[in-house]
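For reference, the structure discussed in these notes is given below.
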Amino acid sequence: MRPASADAAFPFPSVGPRRHDPAAVAAVAQALTPLAADGLRLLVKPEECRRLSRDAYDYSPVLAARLAAAEAELVVCPVTVEQVEAVAAACAQRRVPITMRGAGTGNYGQAVPLLGGVLLTMTGLRTVRSASGDCVTAEAGCRLVAVDEVLASHGVEQRLLPSTYRTATIGGFVAGGSGGIGSMGWGFLRDPGNVLGMEIVTVEPHPRRHQLTGDAAAPLNHAYGTNGIMVALTMPTAPLHRWQELLVAVSDLDHGLALAEQLRRMALPIKELSLYDQRIAAMVRPMRGGATHDGGCRLIAVVALEALETVKTHLRRHKARLLVRRPQTVAGSLRELTWNHTTLHARANDPAWTYLQLLLPPEPAAVLRTLSRQQGDGLAWHLEAVRSGGEARWAALPLLRWNGAAALATVMETARNLGCTLFNPHVVTVEDGGLGVVDRDQVQAKRAYDPAGLLNPGKLRGWLEWEASGQGSAGPLMGG
Ligand SMILES: Cc1cc2nc3c(=O)[nH]c(=O)nc-3n(C[C@H](O)[C@H](O)[C@H](O)COP(=O)(O)OP(=O)(O)OC[C@H]3O[C@@H](n4cnc5c(N)ncnc54)[C@H](O)[C@@H]3O)c2cc1C
């Protein structure tokens, strides 16, 4: 096979040096200072700016090397939508870039301010405006766990949660996340119907507020906060069952897959099914289920109470052992071993692990076999049951030993050649972390809601290309 080019696999925008005048940032701070009396906070200390300019990008050694120096000059923490508008106005009037931040749990440096400027932290906007059995409207800084607490009294919950549900905000999830617990039934956030609407604020000298629904909201979904400030989100709900968390020992990955395939085809409410190979089962201590490691694989399932007996019958048929069964909890939940939490736990054990994100082809056996053979001990399989384009599929977040960028690029190329869709977690632009293609609607939305290109600069490749083509009217970011 032709050796993969690491540079081509991990494109990085040439963002260059800061293009705004540092004095302009000071002027923004001065303009916003009177709002401190109403709860807005301004953080200027370099150590605070540095700490908040990070997310979980260090799971990628490629990004860790490239993003270390990026840092905001001012962090602004508003508590009302009016204050968000004031920040947008102050920055737009002085052409200072704004990078949005929720809880900063993103994996790809999404909330890292590549050009400095203002970091706008949304965790102060945390009112649940309305909730019913059908949908919820919550301010963007609400933690997902808090939204579920409100919904529980209506007998419902959010359809999709990242495994970071205890910390992550609803705005950060829609702008930066993709799916997670619930994706085996509800698909991904990008699937029409999973985000019902949003209230946004534009970045202009006189900011406007818009209510967007349906197709109008779609370009801001998973756009990393590059094309509008979301201040509230309206999301649909799902029935709240008496969920039970199961940790199951299975002899090997093939048996685990056969069991999981059977479970997901039944008429059972199951919202999470994930599989972990022997290496992960040995490495991530809570997966041992209180026992010494038995050399087997693990399956985690979250099933409704009424499904439990049927599930147990099938575990027996597949000679699988139920190690843990308990009602779903919030803290210490088995859900916090799934999705990218597996990567987190593995890296806590040994930081030499990094990871990939793949949608496997409908028949995944050849991918599992070929990559296992190619990578040997340098790869550990973690599979998640998902629904993609309406079909039951497997996503994979395999752990990979870091052997340099070229080796990682080779694995990615092999996976692609085997029919996997790759969501590259070692790049910073929306497009390169997605399907690789520019979404014209996202660029159009940026032209409408952020005409000077101030929001999260460097992260929307379509915008950079549009500017480079000479059509962009924004010109360089200037002080003043
Ligand atoms: C251990 C671990 C596990 C994870 N598991 C999952 C998972 O299961 N599923 C998943 O999808 N992701 C997962 N992630 C990624 C991340 O945790 C989620 O996507 C999370 O929802 C991000 O929320 P946040 O509040 O931390 O957003 P941030 O990380 O703060 O921001 C994410 C992006 O959204 C933008 N943004 C934030 N708020 C706004 C706003 N109000 N308006 C416009 N733009 C905004 C930011 O600029 C940034 O680009 C995981 C990450 C880690 C570290």
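Simple scheme: letters A, B, ... for chains in structure tokens order, numbers from 1 for residues in each chain, numbers from 1 for ligands in the order shown.
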
Inset, instruction - Please provide the set of residues having any atom within 10 Å of Ile181 (chain A), restricted to only C-alpha atoms, with same-chain residues fewer than 5 positions apart removed, written as a PyMOL selection string. - result: chain A and resi 158-163+165+186-188+271-274+302+335-336+338-339+384-386

Inset, instruction - Select the residues contacting ligand 1 at a distance of at most 7 Å, based on only C-alpha atoms and all ligand atoms, then format the selection as an MDAnalysis selection string. - result: chainID A and resid 55:56 99:107 110:111 122 140:141 161:164 167:181 224:226 228:231 339:341 343:344 456

Please, could you write that set of residues out with N, CA and C atoms as a compact mmCIF listing (two decimals), in the first residue's frame?
```
# COMPACT_ATOMS: atom_id res chain seq x y z
N ASP A 55 -9.74 22.23 25.56
CA ASP A 55 -10.77 21.21 25.75
C ASP A 55 -10.05 19.86 25.81
N ALA A 56 -10.73 18.78 25.43
CA ALA A 56 -10.09 17.46 25.56
C ALA A 56 -9.31 17.09 24.30
N THR A 99 -14.79 33.11 20.34
CA THR A 99 -14.92 31.65 20.30
C THR A 99 -15.88 31.25 21.40
N MET A 100 -16.89 30.44 21.00
CA MET A 100 -17.91 30.03 21.95
C MET A 100 -17.37 28.87 22.80
N ARG A 101 -17.85 28.81 24.05
CA ARG A 101 -17.48 27.70 24.92
C ARG A 101 -18.68 27.31 25.77
N GLY A 102 -18.91 26.00 25.84
CA GLY A 102 -19.89 25.48 26.80
C GLY A 102 -19.11 25.03 28.02
N ALA A 103 -19.02 23.70 28.19
CA ALA A 103 -18.25 23.19 29.33
C ALA A 103 -16.82 22.84 28.92
N GLY A 104 -16.51 22.98 27.63
CA GLY A 104 -15.14 22.70 27.17
C GLY A 104 -14.78 21.22 27.20
N THR A 105 -15.77 20.35 26.92
CA THR A 105 -15.47 18.91 26.91
C THR A 105 -15.28 18.36 25.49
N GLY A 106 -15.29 19.24 24.49
CA GLY A 106 -15.11 18.78 23.10
C GLY A 106 -13.78 18.07 22.93
N ASN A 107 -13.68 17.24 21.90
CA ASN A 107 -12.48 16.42 21.71
C ASN A 107 -11.52 16.94 20.66
N GLN A 110 -12.47 22.12 19.40
CA GLN A 110 -13.54 22.95 18.83
C GLN A 110 -13.66 24.30 19.53
N ALA A 111 -13.44 24.30 20.87
CA ALA A 111 -13.63 25.53 21.64
C ALA A 111 -12.30 26.25 21.89
N MET A 122 -20.73 30.04 28.03
CA MET A 122 -22.20 30.12 28.11
C MET A 122 -22.80 29.47 29.36
N ALA A 140 -28.76 27.76 26.36
CA ALA A 140 -27.64 26.98 25.80
C ALA A 140 -26.65 26.49 26.86
N GLY A 141 -26.55 27.19 27.99
CA GLY A 141 -25.55 26.79 28.99
C GLY A 141 -26.07 25.77 29.99
N LEU A 161 -27.69 11.62 24.50
CA LEU A 161 -26.77 12.22 25.47
C LEU A 161 -25.35 11.80 25.14
N PRO A 162 -24.39 12.72 25.25
CA PRO A 162 -23.00 12.27 25.18
C PRO A 162 -22.66 11.65 26.54
N SER A 163 -21.59 10.86 26.58
CA SER A 163 -21.23 10.28 27.88
C SER A 163 -20.76 11.35 28.86
N THR A 164 -20.56 12.56 28.38
CA THR A 164 -20.20 13.70 29.25
C THR A 164 -21.45 14.44 29.76
N THR A 167 -21.41 17.03 32.68
CA THR A 167 -20.72 18.32 32.58
C THR A 167 -21.15 19.13 31.37
N ALA A 168 -21.39 18.45 30.25
CA ALA A 168 -21.58 19.15 28.97
C ALA A 168 -22.87 19.97 28.96
N THR A 169 -22.85 21.04 28.15
CA THR A 169 -24.02 21.91 28.02
C THR A 169 -24.83 21.49 26.78
N ILE A 170 -26.09 21.89 26.78
CA ILE A 170 -26.95 21.52 25.66
C ILE A 170 -26.49 22.26 24.39
N GLY A 171 -26.03 23.50 24.54
CA GLY A 171 -25.55 24.26 23.37
C GLY A 171 -24.27 23.66 22.81
N GLY A 172 -23.35 23.27 23.71
CA GLY A 172 -22.10 22.66 23.27
C GLY A 172 -22.34 21.32 22.60
N PHE A 173 -23.35 20.58 23.08
CA PHE A 173 -23.66 19.28 22.48
C PHE A 173 -24.16 19.48 21.05
N VAL A 174 -25.09 20.41 20.86
CA VAL A 174 -25.64 20.61 19.51
C VAL A 174 -24.58 21.21 18.58
N ALA A 175 -23.75 22.13 19.10
CA ALA A 175 -22.75 22.77 18.23
C ALA A 175 -21.54 21.88 17.98
N GLY A 176 -21.19 21.02 18.96
CA GLY A 176 -19.94 20.30 18.82
C GLY A 176 -20.06 18.79 18.86
N GLY A 177 -21.16 18.28 19.38
CA GLY A 177 -21.31 16.83 19.55
C GLY A 177 -21.98 16.19 18.35
N SER A 178 -22.23 14.89 18.46
CA SER A 178 -22.85 14.20 17.33
C SER A 178 -23.93 13.22 17.78
N GLY A 179 -23.75 12.57 18.88
CA GLY A 179 -24.72 11.57 19.33
C GLY A 179 -24.18 10.92 20.58
N GLY A 180 -24.58 9.67 20.81
CA GLY A 180 -24.06 8.99 22.00
C GLY A 180 -25.09 8.02 22.53
N ILE A 181 -25.33 8.10 23.85
CA ILE A 181 -26.30 7.20 24.46
C ILE A 181 -27.68 7.55 23.87
N TYR A 224 -19.67 23.88 15.15
CA TYR A 224 -18.63 24.33 16.10
C TYR A 224 -18.80 25.81 16.49
N GLY A 225 -20.01 26.32 16.44
CA GLY A 225 -20.19 27.72 16.84
C GLY A 225 -19.48 28.68 15.91
N THR A 226 -19.40 28.32 14.62
CA THR A 226 -18.72 29.20 13.66
C THR A 226 -19.71 30.12 12.96
N GLY A 228 -23.03 31.32 14.27
CA GLY A 228 -24.12 31.89 15.05
C GLY A 228 -23.96 31.52 16.51
N ILE A 229 -24.44 32.40 17.37
CA ILE A 229 -24.40 32.12 18.82
C ILE A 229 -25.75 31.54 19.21
N MET A 230 -25.79 30.30 19.65
CA MET A 230 -27.05 29.71 20.12
C MET A 230 -27.26 30.15 21.56
N VAL A 231 -28.44 30.71 21.83
CA VAL A 231 -28.72 31.08 23.23
C VAL A 231 -29.76 30.18 23.86
N TRP A 339 -18.84 5.36 24.86
CA TRP A 339 -18.45 6.41 23.92
C TRP A 339 -17.03 6.90 24.24
N ASN A 340 -16.77 8.18 24.25
CA ASN A 340 -15.37 8.57 24.44
C ASN A 340 -14.89 8.47 25.87
N HIS A 341 -15.79 8.11 26.80
CA HIS A 341 -15.30 7.84 28.14
C HIS A 341 -14.39 6.62 28.17
N THR A 343 -12.17 5.99 25.93
CA THR A 343 -10.86 6.57 25.58
C THR A 343 -10.27 7.26 26.82
N LEU A 344 -11.11 8.00 27.52
CA LEU A 344 -10.63 8.70 28.72
C LEU A 344 -10.05 7.71 29.72
N ASN A 456 -15.32 31.89 15.98
CA ASN A 456 -14.43 30.71 15.98
C ASN A 456 -13.60 30.63 14.70
```

Inset, instruction - Once DSSP has gone over the backbone, tell me which residues of region 45-271 of chain A are in helix (DSSP H, G or I), as a ChimeraX atom specification. - result: /A:46-52,56-59,61-67,81-94,144-152,170-176,183-186,214-220,253-264

Legend entry - Point-to-point distance in Å for CA of Ala152 (chain A) and CA of Leu240 (chain A):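 Pair CA of Leu240 (chain A) / CA of Ala152 (chain A) returns 7.1 Å.
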
Inset, instruction - Apply DSSP to the structure's backbone, then extract all residues of region 66-190 of chain A labelled strand (DSSP E) and return them as an NGL selection string. - result: :A and (74-77 or 98-101 or 118-121 or 128-131 or 135-139 or 156-158)

Inset, instruction - Tell me which protein, DNA and RNA residues are within 9 Å of region 195-206 of chain A, counting only C-alpha atoms, leaving out same-chain ones fewer than 2 positions away, and put them as a PyMOL selection string. - result: chain A and resi 81+84-94+98+135+137+139+174+189-193+208-214+216-218+221+227-236+448-455

Could the residues in this selection be written to a file with N, CA and C atoms, as a short mmCIF file (atom, residue, chain, number, x, y, z; two decimals), in the first residue's frame?
```cif
data_model
loop_
_atom_site.label_atom_id
_atom_site.label_comp_id
_atom_site.auth_asym_id
_atom_site.auth_seq_id
_atom_site.Cartn_x
_atom_site.Cartn_y
_atom_site.Cartn_z
N VAL A 81 -29.40 36.65 27.93
CA VAL A 81 -29.30 36.79 26.47
C VAL A 81 -28.92 38.23 26.12
N VAL A 84 -25.33 38.53 26.24
CA VAL A 84 -24.69 37.90 25.08
C VAL A 84 -24.72 38.89 23.91
N GLU A 85 -25.85 39.55 23.73
CA GLU A 85 -25.97 40.54 22.65
C GLU A 85 -24.95 41.67 22.84
N ALA A 86 -24.76 42.08 24.09
CA ALA A 86 -23.80 43.17 24.36
C ALA A 86 -22.38 42.72 24.01
N VAL A 87 -22.05 41.45 24.32
CA VAL A 87 -20.71 40.94 23.99
C VAL A 87 -20.54 40.89 22.46
N ALA A 88 -21.59 40.38 21.78
CA ALA A 88 -21.52 40.29 20.31
C ALA A 88 -21.32 41.68 19.71
N ALA A 89 -22.05 42.66 20.22
CA ALA A 89 -21.94 44.03 19.70
C ALA A 89 -20.54 44.60 19.95
N ALA A 90 -20.07 44.44 21.19
CA ALA A 90 -18.76 45.03 21.55
C ALA A 90 -17.66 44.43 20.67
N CYS A 91 -17.74 43.13 20.42
CA CYS A 91 -16.70 42.47 19.61
C CYS A 91 -16.84 42.84 18.13
N ALA A 92 -18.08 42.86 17.64
CA ALA A 92 -18.28 43.18 16.21
C ALA A 92 -17.85 44.62 15.92
N GLN A 93 -18.15 45.54 16.84
CA GLN A 93 -17.77 46.93 16.61
C GLN A 93 -16.25 47.10 16.53
N ARG A 94 -15.51 46.22 17.22
CA ARG A 94 -14.04 46.35 17.24
C ARG A 94 -13.35 45.22 16.47
N ILE A 98 -14.59 35.96 18.39
CA ILE A 98 -15.27 35.35 19.54
C ILE A 98 -15.24 33.84 19.34
N CYS A 135 -41.36 18.13 24.30
CA CYS A 135 -40.10 18.81 24.00
C CYS A 135 -39.68 19.72 25.15
N THR A 137 -37.34 23.42 25.96
CA THR A 137 -36.57 24.57 25.50
C THR A 137 -35.70 25.04 26.66
N GLU A 139 -31.95 27.13 27.88
CA GLU A 139 -30.85 28.03 27.49
C GLU A 139 -29.59 27.20 27.22
N VAL A 174 -25.09 20.41 20.86
CA VAL A 174 -25.64 20.61 19.51
C VAL A 174 -24.58 21.21 18.58
N LEU A 189 -27.48 13.56 16.13
CA LEU A 189 -28.05 14.92 16.23
C LEU A 189 -28.36 15.50 14.86
N ARG A 190 -27.53 15.13 13.86
CA ARG A 190 -27.73 15.72 12.52
C ARG A 190 -28.99 15.19 11.84
N ASP A 191 -29.56 14.08 12.33
CA ASP A 191 -30.75 13.53 11.69
C ASP A 191 -31.94 14.46 11.90
N PRO A 192 -32.62 14.83 10.81
CA PRO A 192 -33.74 15.77 10.94
C PRO A 192 -34.73 15.28 12.00
N GLY A 193 -35.14 16.19 12.88
CA GLY A 193 -36.07 15.83 13.94
C GLY A 193 -35.42 15.75 15.30
N ARG A 208 -28.79 40.86 16.04
CA ARG A 208 -30.22 40.51 15.93
C ARG A 208 -30.43 39.17 16.61
N ARG A 209 -31.69 38.94 17.01
CA ARG A 209 -32.06 37.66 17.60
C ARG A 209 -32.98 36.94 16.61
N HIS A 210 -32.72 35.67 16.34
CA HIS A 210 -33.58 34.90 15.42
C HIS A 210 -34.06 33.64 16.09
N GLN A 211 -35.29 33.25 15.73
CA GLN A 211 -35.79 31.91 16.11
C GLN A 211 -35.70 31.06 14.85
N LEU A 212 -34.93 29.99 14.90
CA LEU A 212 -34.77 29.12 13.73
C LEU A 212 -35.38 27.76 14.01
N THR A 213 -36.08 27.23 13.02
CA THR A 213 -36.61 25.87 13.16
C THR A 213 -36.25 25.07 11.91
N GLY A 214 -36.40 23.75 12.02
CA GLY A 214 -36.24 22.85 10.87
C GLY A 214 -34.99 23.12 10.06
N ALA A 216 -33.87 25.72 8.68
CA ALA A 216 -33.13 26.95 8.97
C ALA A 216 -32.14 26.74 10.11
N ALA A 217 -32.47 25.81 11.02
CA ALA A 217 -31.58 25.56 12.16
C ALA A 217 -30.46 24.59 11.79
N ALA A 218 -30.67 23.77 10.77
CA ALA A 218 -29.73 22.68 10.46
C ALA A 218 -28.29 23.15 10.23
N ASN A 221 -26.28 23.29 13.39
CA ASN A 221 -26.12 22.02 14.10
C ASN A 221 -24.75 21.45 13.72
N ASN A 227 -21.01 29.82 13.06
CA ASN A 227 -21.95 30.60 12.24
C ASN A 227 -23.18 31.10 12.99
N GLY A 228 -23.03 31.32 14.27
CA GLY A 228 -24.12 31.89 15.05
C GLY A 228 -23.96 31.52 16.51
N ILE A 229 -24.44 32.40 17.37
CA ILE A 229 -24.40 32.12 18.82
C ILE A 229 -25.75 31.54 19.21
N MET A 230 -25.79 30.30 19.65
CA MET A 230 -27.05 29.71 20.12
C MET A 230 -27.26 30.15 21.56
N VAL A 231 -28.44 30.71 21.83
CA VAL A 231 -28.72 31.08 23.23
C VAL A 231 -29.76 30.18 23.86
N ALA A 232 -30.57 29.49 23.02
CA ALA A 232 -31.53 28.51 23.56
C ALA A 232 -31.79 27.45 22.50
N LEU A 233 -32.11 26.26 22.95
CA LEU A 233 -32.35 25.13 22.05
C LEU A 233 -33.68 24.49 22.40
N THR A 234 -34.40 24.04 21.36
CA THR A 234 -35.62 23.25 21.59
C THR A 234 -35.37 21.84 21.07
N MET A 235 -35.52 20.88 21.97
CA MET A 235 -35.17 19.50 21.64
C MET A 235 -36.36 18.58 21.92
N PRO A 236 -36.52 17.53 21.10
CA PRO A 236 -37.60 16.58 21.34
C PRO A 236 -37.22 15.61 22.47
N ALA A 448 -24.81 35.14 6.83
CA ALA A 448 -26.00 35.83 7.34
C ALA A 448 -25.86 36.24 8.80
N TYR A 449 -25.23 35.38 9.62
CA TYR A 449 -25.25 35.62 11.07
C TYR A 449 -23.92 36.07 11.64
N ASP A 450 -22.87 36.00 10.83
CA ASP A 450 -21.53 36.42 11.30
C ASP A 450 -20.79 36.99 10.09
N PRO A 451 -21.32 38.07 9.50
CA PRO A 451 -20.81 38.52 8.20
C PRO A 451 -19.34 38.93 8.22
N ALA A 452 -18.80 39.33 9.37
CA ALA A 452 -17.39 39.72 9.41
C ALA A 452 -16.48 38.53 9.70
N GLY A 453 -17.06 37.34 9.84
CA GLY A 453 -16.23 36.14 10.05
C GLY A 453 -15.51 36.13 11.38
N LEU A 454 -16.19 36.59 12.44
CA LEU A 454 -15.53 36.70 13.74
C LEU A 454 -15.66 35.45 14.60
N LEU A 455 -16.67 34.62 14.30
CA LEU A 455 -16.93 33.48 15.19
C LEU A 455 -15.99 32.31 14.92
#
```
